>>> print(open('upload11.txt').read())   # compact mmCIF, C-alpha atoms
# COMPACT_ATOMS: atom_id res chain seq x y z
CA MET A 1 -6.77 -103.75 -167.34
CA ALA A 2 -7.34 -101.60 -170.41
CA ARG A 3 -8.71 -98.18 -169.83
CA PRO A 4 -12.09 -97.63 -171.45
CA VAL A 5 -11.98 -94.75 -173.88
CA ASP A 6 -14.86 -92.90 -172.26
CA SER A 7 -13.73 -93.31 -168.65
CA GLU A 8 -12.77 -89.70 -168.06
CA PRO A 9 -15.50 -88.21 -165.88
CA ALA A 10 -17.45 -85.29 -167.20
CA ALA A 11 -16.58 -82.11 -165.31
CA GLY A 12 -19.95 -81.66 -163.62
CA ASP A 13 -20.07 -85.29 -162.59
CA ALA A 14 -16.60 -85.14 -161.07
CA GLY A 15 -17.46 -81.93 -159.25
CA GLN A 16 -20.41 -83.71 -157.67
CA LEU A 17 -18.23 -86.63 -156.60
CA LEU A 18 -15.72 -84.29 -155.00
CA GLY A 19 -18.44 -82.26 -153.33
CA ALA A 20 -19.88 -85.43 -151.84
CA LEU A 21 -16.48 -86.22 -150.33
CA ARG A 22 -16.18 -82.86 -148.60
CA PRO A 23 -17.87 -83.83 -145.28
CA THR A 24 -15.64 -86.90 -144.99
CA LEU A 25 -12.52 -84.88 -145.73
CA LEU A 26 -13.52 -82.31 -143.14
CA ARG A 27 -14.11 -85.01 -140.56
CA LEU A 28 -10.68 -86.52 -141.18
CA ALA A 29 -8.98 -83.13 -141.14
CA ARG A 30 -10.66 -82.20 -137.85
CA LEU A 31 -9.60 -85.49 -136.25
CA GLN A 32 -6.00 -84.83 -137.16
CA LEU A 33 -5.65 -81.05 -136.89
CA ARG A 34 -8.03 -80.36 -133.99
CA ASN A 35 -8.64 -76.84 -135.21
CA GLU A 36 -11.69 -75.83 -137.22
CA ALA A 37 -10.04 -73.10 -139.30
CA TRP A 38 -7.01 -75.24 -140.11
CA ALA A 39 -9.27 -78.13 -141.11
CA GLU A 40 -11.33 -75.89 -143.42
CA ASP A 41 -8.14 -74.60 -145.05
CA ALA A 42 -6.68 -78.06 -145.55
CA VAL A 43 -9.91 -79.34 -147.12
CA SER A 44 -10.28 -76.33 -149.41
CA GLU A 45 -6.71 -76.77 -150.63
CA THR A 46 -7.35 -80.48 -151.11
CA LEU A 47 -10.45 -79.93 -153.23
CA LEU A 48 -8.66 -77.31 -155.30
CA ALA A 49 -5.73 -79.64 -155.95
CA ALA A 50 -8.15 -82.47 -156.77
CA VAL A 51 -10.10 -80.36 -159.27
CA GLU A 52 -6.87 -79.32 -160.94
CA GLY A 53 -5.53 -82.86 -161.01
CA LEU A 54 -8.74 -84.55 -162.05
CA ARG A 55 -8.12 -84.45 -165.79
CA GLY A 56 -5.25 -86.85 -165.47
CA PHE A 57 -7.10 -89.12 -163.07
CA ASP A 58 -8.82 -92.04 -164.74
CA ARG A 59 -9.55 -94.45 -161.90
CA ARG A 60 -12.85 -93.22 -160.58
CA SER A 61 -13.32 -96.16 -158.27
CA GLN A 62 -10.26 -94.97 -156.38
CA LEU A 63 -11.25 -91.32 -156.28
CA ARG A 64 -11.75 -91.33 -152.52
CA THR A 65 -8.38 -92.93 -151.80
CA TRP A 66 -6.68 -90.48 -154.14
CA VAL A 67 -8.32 -87.42 -152.60
CA VAL A 68 -7.65 -88.61 -149.03
CA GLY A 69 -4.00 -88.98 -150.09
CA ILE A 70 -3.98 -85.34 -151.19
CA LEU A 71 -5.60 -84.34 -147.91
CA LYS A 72 -2.79 -85.99 -145.94
CA HIS A 73 -0.25 -83.79 -147.73
CA LYS A 74 -2.32 -80.67 -147.08
CA ILE A 75 -2.61 -81.59 -143.41
CA ILE A 76 1.18 -81.76 -143.17
CA ASP A 77 1.45 -78.35 -144.87
CA GLN A 78 -0.94 -77.00 -142.27
CA PHE A 79 1.10 -78.48 -139.41
CA ARG A 80 4.19 -76.74 -140.76
CA ARG A 81 2.39 -73.39 -140.94
CA SER A 82 1.13 -73.79 -137.38
CA GLY A 83 4.33 -75.25 -135.97
CA ARG A 84 4.60 -73.12 -132.88
CA GLU A 85 1.07 -73.68 -131.67
CA VAL A 86 1.27 -77.41 -132.33
CA SER A 87 4.55 -77.60 -130.48
CA LEU A 88 3.17 -75.74 -127.45
CA ASP A 89 0.25 -78.18 -127.23
CA ALA A 90 2.66 -81.11 -127.35
CA GLN A 91 4.88 -79.60 -124.66
CA ALA A 92 1.87 -78.95 -122.41
CA GLU A 93 0.73 -82.53 -122.86
CA VAL A 94 4.13 -83.93 -121.93
CA ASP A 95 4.39 -81.67 -118.87
CA GLY A 96 0.83 -82.55 -117.88
CA GLY A 97 1.94 -86.01 -116.85
CA ASP A 98 -0.92 -88.42 -117.49
CA ASP A 99 0.68 -91.60 -116.17
CA LEU A 100 -2.29 -93.88 -116.68
CA GLU A 101 -1.93 -94.79 -113.01
CA GLU A 102 -5.33 -96.39 -112.77
CA LEU A 103 -4.35 -99.12 -115.24
CA PHE A 104 -1.74 -100.62 -112.95
CA ALA A 105 -1.46 -101.81 -109.37
CA ALA A 106 1.33 -100.57 -107.13
CA ASP A 107 3.54 -103.53 -108.14
CA GLY A 108 3.28 -102.57 -111.83
CA HIS A 109 0.91 -105.32 -112.87
CA ARG A 110 -2.45 -104.68 -114.45
CA ALA A 111 -5.14 -103.59 -112.02
CA ALA A 112 -7.92 -105.19 -114.07
CA PRO A 113 -7.56 -107.62 -116.96
CA PRO A 114 -8.35 -106.28 -120.42
CA VAL A 115 -11.30 -107.67 -122.31
CA ASP A 116 -10.34 -109.97 -125.15
CA TRP A 117 -11.75 -108.38 -128.27
CA GLY A 118 -12.21 -111.77 -129.87
CA ASP A 119 -12.23 -111.78 -133.64
CA PRO A 120 -12.60 -108.10 -134.38
CA GLN A 121 -12.75 -108.41 -138.17
CA GLY A 122 -16.52 -107.99 -138.08
CA SER A 123 -16.10 -104.65 -136.31
CA LEU A 124 -13.88 -103.33 -139.10
CA GLU A 125 -16.76 -103.87 -141.50
CA ARG A 126 -19.26 -101.87 -139.47
CA THR A 127 -19.91 -98.17 -139.87
CA GLU A 128 -20.94 -97.88 -136.19
CA PHE A 129 -17.51 -99.06 -135.12
CA PHE A 130 -15.83 -96.22 -136.99
CA ALA A 131 -18.21 -93.71 -135.43
CA VAL A 132 -17.07 -94.95 -132.00
CA LEU A 133 -13.41 -94.85 -133.06
CA GLN A 134 -13.81 -91.25 -134.21
CA ALA A 135 -15.54 -90.33 -130.95
CA CYS A 136 -12.65 -91.88 -129.01
CA LEU A 137 -10.12 -89.92 -131.08
CA ASP A 138 -12.10 -86.73 -130.41
CA GLN A 139 -11.78 -87.39 -126.67
CA LEU A 140 -8.00 -87.50 -126.75
CA PRO A 141 -6.05 -84.34 -125.92
CA ALA A 142 -5.18 -82.61 -129.22
CA ALA A 143 -1.44 -83.28 -128.98
CA LEU A 144 -1.98 -87.01 -128.44
CA ALA A 145 -4.41 -87.31 -131.33
CA ARG A 146 -2.01 -85.47 -133.64
CA ALA A 147 0.96 -87.66 -132.71
CA PHE A 148 -1.04 -90.87 -132.93
CA LEU A 149 -2.64 -90.10 -136.28
CA LEU A 150 0.66 -88.93 -137.76
CA ARG A 151 2.04 -92.34 -136.85
CA GLU A 152 -0.78 -94.81 -137.43
CA TRP A 153 -3.00 -93.07 -139.98
CA MET A 154 -0.44 -91.15 -142.02
CA GLY A 155 2.41 -93.62 -141.52
CA PHE A 156 5.11 -91.14 -140.54
CA GLU A 157 8.37 -92.38 -139.07
CA THR A 158 8.57 -91.64 -135.35
CA ALA A 159 11.66 -89.44 -135.81
CA ASP A 160 9.77 -87.26 -138.29
CA ILE A 161 6.82 -86.93 -135.90
CA CYS A 162 9.13 -85.69 -133.13
CA LYS A 163 10.46 -83.14 -135.60
CA GLU A 164 7.00 -81.97 -136.68
CA LEU A 165 5.81 -81.64 -133.08
CA GLN A 166 9.17 -80.32 -131.87
CA VAL A 167 9.46 -82.66 -128.91
CA THR A 168 12.25 -85.02 -127.85
CA SER A 169 12.05 -88.60 -129.04
CA THR A 170 11.41 -89.80 -125.48
CA ASN A 171 8.42 -87.49 -125.23
CA CYS A 172 7.27 -88.63 -128.64
CA PHE A 173 7.16 -92.25 -127.47
CA VAL A 174 5.38 -91.18 -124.29
CA MET A 175 2.67 -89.37 -126.25
CA LEU A 176 2.14 -92.30 -128.61
CA TYR A 177 1.95 -94.65 -125.63
CA ARG A 178 -0.62 -92.51 -123.83
CA ALA A 179 -2.69 -92.12 -126.98
CA ARG A 180 -2.80 -95.88 -127.62
CA MET A 181 -3.69 -96.75 -124.03
CA ARG A 182 -6.45 -94.12 -123.90
CA LEU A 183 -7.86 -95.28 -127.24
CA ARG A 184 -7.70 -98.91 -126.18
CA GLU A 185 -9.59 -98.15 -122.98
CA CYS A 186 -12.17 -96.08 -124.85
CA LEU A 187 -12.83 -98.69 -127.53
CA GLU A 188 -13.07 -101.40 -124.93
CA ALA A 189 -15.57 -99.44 -122.83
CA ARG A 190 -17.65 -98.11 -125.70
CA TRP A 191 -17.59 -100.95 -128.17
CA PHE A 192 -16.02 -104.25 -127.24
CA ALA A 193 -17.27 -104.58 -123.66
CA GLY A 194 -20.65 -102.96 -124.21
CA GLU A 195 -22.62 -104.27 -127.13
CA ALA A 196 -19.86 -106.80 -127.89
CA PRO A 197 -20.99 -107.10 -131.47
CA THR A 198 -18.60 -109.90 -132.43
CA ARG A 199 -19.82 -111.87 -135.35
CA HIS A 200 -18.70 -115.42 -135.70
CA GLY A 201 -18.12 -117.26 -138.93
CA MET B 1 16.07 -102.48 -115.77
CA ALA B 2 18.73 -105.14 -115.31
CA SER B 3 16.24 -107.92 -114.63
CA ILE B 4 14.91 -110.07 -117.41
CA LEU B 5 11.52 -109.99 -115.68
CA ILE B 6 9.40 -106.89 -116.29
CA THR B 7 6.07 -105.64 -115.02
CA CYS B 8 2.89 -105.18 -117.04
CA ARG B 9 3.51 -101.45 -116.95
CA GLN B 10 6.90 -101.91 -118.61
CA ALA B 11 5.49 -104.50 -121.02
CA HIS B 12 2.73 -102.09 -122.09
CA ALA B 13 5.32 -99.44 -122.89
CA LEU B 14 7.27 -101.95 -125.01
CA LEU B 15 4.09 -103.13 -126.77
CA SER B 16 3.46 -99.54 -127.79
CA GLY B 17 7.14 -98.82 -128.50
CA GLN B 18 7.56 -101.75 -130.88
CA ARG B 19 4.98 -100.11 -133.15
CA ASP B 20 7.15 -96.99 -133.36
CA ALA B 21 10.69 -98.33 -133.48
CA THR B 22 12.66 -101.57 -133.62
CA LEU B 23 13.26 -102.76 -130.07
CA GLY B 24 16.76 -103.77 -129.01
CA TRP B 25 17.26 -107.50 -128.52
CA ARG B 26 17.25 -107.22 -124.71
CA GLN B 27 13.93 -105.40 -124.76
CA ARG B 28 12.54 -107.89 -127.25
CA LEU B 29 13.60 -110.78 -125.05
CA ARG B 30 12.08 -109.22 -121.92
CA LEU B 31 8.81 -108.58 -123.73
CA ARG B 32 8.64 -112.10 -125.19
CA ILE B 33 9.30 -113.69 -121.81
CA HIS B 34 6.67 -111.49 -120.17
CA LEU B 35 4.10 -112.34 -122.82
CA LEU B 36 4.67 -116.07 -122.29
CA GLY B 37 3.23 -115.77 -118.83
CA CYS B 38 0.86 -112.83 -119.12
CA ASP B 39 -2.44 -113.17 -120.98
CA ALA B 40 -3.41 -109.59 -120.15
CA CYS B 41 -0.43 -108.09 -121.97
CA ALA B 42 -0.84 -110.51 -124.87
CA ILE B 43 -4.40 -109.25 -125.28
CA VAL B 44 -3.29 -105.63 -125.12
CA GLY B 45 -0.69 -106.34 -127.81
CA ARG B 46 -3.36 -107.75 -130.13
CA ASN B 47 -5.65 -104.82 -129.32
CA LEU B 48 -2.96 -102.32 -130.35
CA ALA B 49 -2.43 -104.13 -133.64
CA LEU B 50 -6.16 -103.96 -134.36
CA LEU B 51 -6.23 -100.29 -133.38
CA GLY B 52 -3.58 -99.63 -136.04
CA ARG B 53 -5.56 -101.48 -138.70
CA ALA B 54 -8.76 -99.69 -137.71
CA VAL B 55 -7.16 -96.26 -137.98
CA ARG B 56 -5.77 -97.00 -141.44
CA ALA B 57 -9.26 -98.07 -142.48
CA LEU B 58 -10.50 -94.55 -141.65
CA ASP B 59 -9.50 -93.66 -145.22
CA LEU B 60 -12.47 -95.68 -146.38
CA HIS B 61 -14.87 -95.48 -143.45
CA ALA B 62 -14.51 -92.10 -141.77
CA GLY B 63 -17.31 -89.61 -141.68
CA ASP B 64 -20.02 -91.89 -142.96
>>> encode(input="upload11.txt", output="structure tokens")
Amino acid sequence: MARPVDSEPAAGDAGQLLGALRPTLLRLARLQLRNEAWAEDAVSETLLAAVEGLRGFDRRSQLRTWVVGILKHKIIDQFRRSGREVSLDAQAEVDGGDDLEELFAADGHRAAPPVDWGDPQGSLERTEFFAVLQACLDQLPAALARAFLLREWMGFETADICKELQVTSTNCFVMLYRARMRLRECLEARWFAGEAPTRHG
Amino acid sequence: MASILITCRQAHALLSGQRDATLGWRQRLRLRIHLLGCDACAIVGRNLALLGRAVRALDLHAGD
């Protein structure tokens, strides 16, 4: 597709677009970093980098995706600066020993059957679903949310996550497992079992 | 872990683990066999796949 000659956004216009993204960026940064000051820093650095890079950016429809991509890099920078604290949280989580005992009977089989979520595509098109997902992520212990989002939101290899969080690979898998099971339970209780808003067709 | 038959607890761990690493063929076989006879774990497996898709979609839907 040819680029229209006048597609470069005017500076004021672009500033407004970026400003409008700030609450979203802050929300995402908080989900992942679990620390208000770190989130503010990561978002400020993201907006600065976006302003500086904006001249070369001509796909306005993809502005949000582009800026969120920058944010992911800034979040990683923040993790590296806060390595020790992040690592201590992860260690405490692993030592804490949440074994999800209530999910299973003594013989290792499921205590209660899970609810079939049906065709969940409709949910992925609903704003309310993402509000519930964010609430469920907020409920996770910080170390679990960080590990899970590094993996499934930011797409890091598991080995790299263990390195960032400074935990053994076994503990890494344990944290990811706990996070997924907790999130699954939460979504089931707060979305799929409750209002069951499955749309057919 | 010698048995080919595993519990739901073990199957859940493998369902999560296969999203983080490639399972060895023995683990894959145990999981497949378990899923043949266990609707509950099959559902959980699909749920985890959806959870992954939903989290990636946060790029577009978070904070609204």
>>> atom_distance(input="upload11.txt", atom1="CA of Ile43 (chain B)", atom2="CA of Ala143 (chain A)")
26.4 Å
>>> atom_distance(input="upload11.txt", atom1="CA of Leu48 (chain A)", atom2="CA of Ala57 (chain B)")
24.4 Å
>>> interface_residues(input="upload11.txt", of="chain A", to="chain B", cutoff="9 Å", atoms="all atoms listed in the file", output="ChimeraX atom specification")
/A:23-28,64-65,68-69,103-104,107-110,112-117,120-121,123-127,130-131,133-134,149,151-155,157-158,173-174,176-177,180-181,183-184,187
>>> closest_residue(input="upload11.txt", among="B:Ala49, B:Arg30, B:Trp25, B:Leu35", to="Leu5 (chain B)", atoms="all atoms listed in the file")
B:Arg30
>>> atom_distance(input="upload11.txt", atom1="CA of Ile75 (chain A)", atom2="CA of Ala42 (chain A)")
5.8 Å
>>> residues_around(input="upload11.txt", residues="region 83-95 of chain A", least_positions_apart="6", cutoff="8 Å", atoms="all atoms listed in the file", output="number ranges by chain")
A: 141-144, 164-167, 171, 174-175
>>> residues_around(input="upload11.txt", residues="Ser3 (chain B)", least_positions_apart="5", cutoff="12 Å", atoms="all atoms listed in the file", output="number ranges by chain")
B: 10, 26-27, 29-31, 33-34
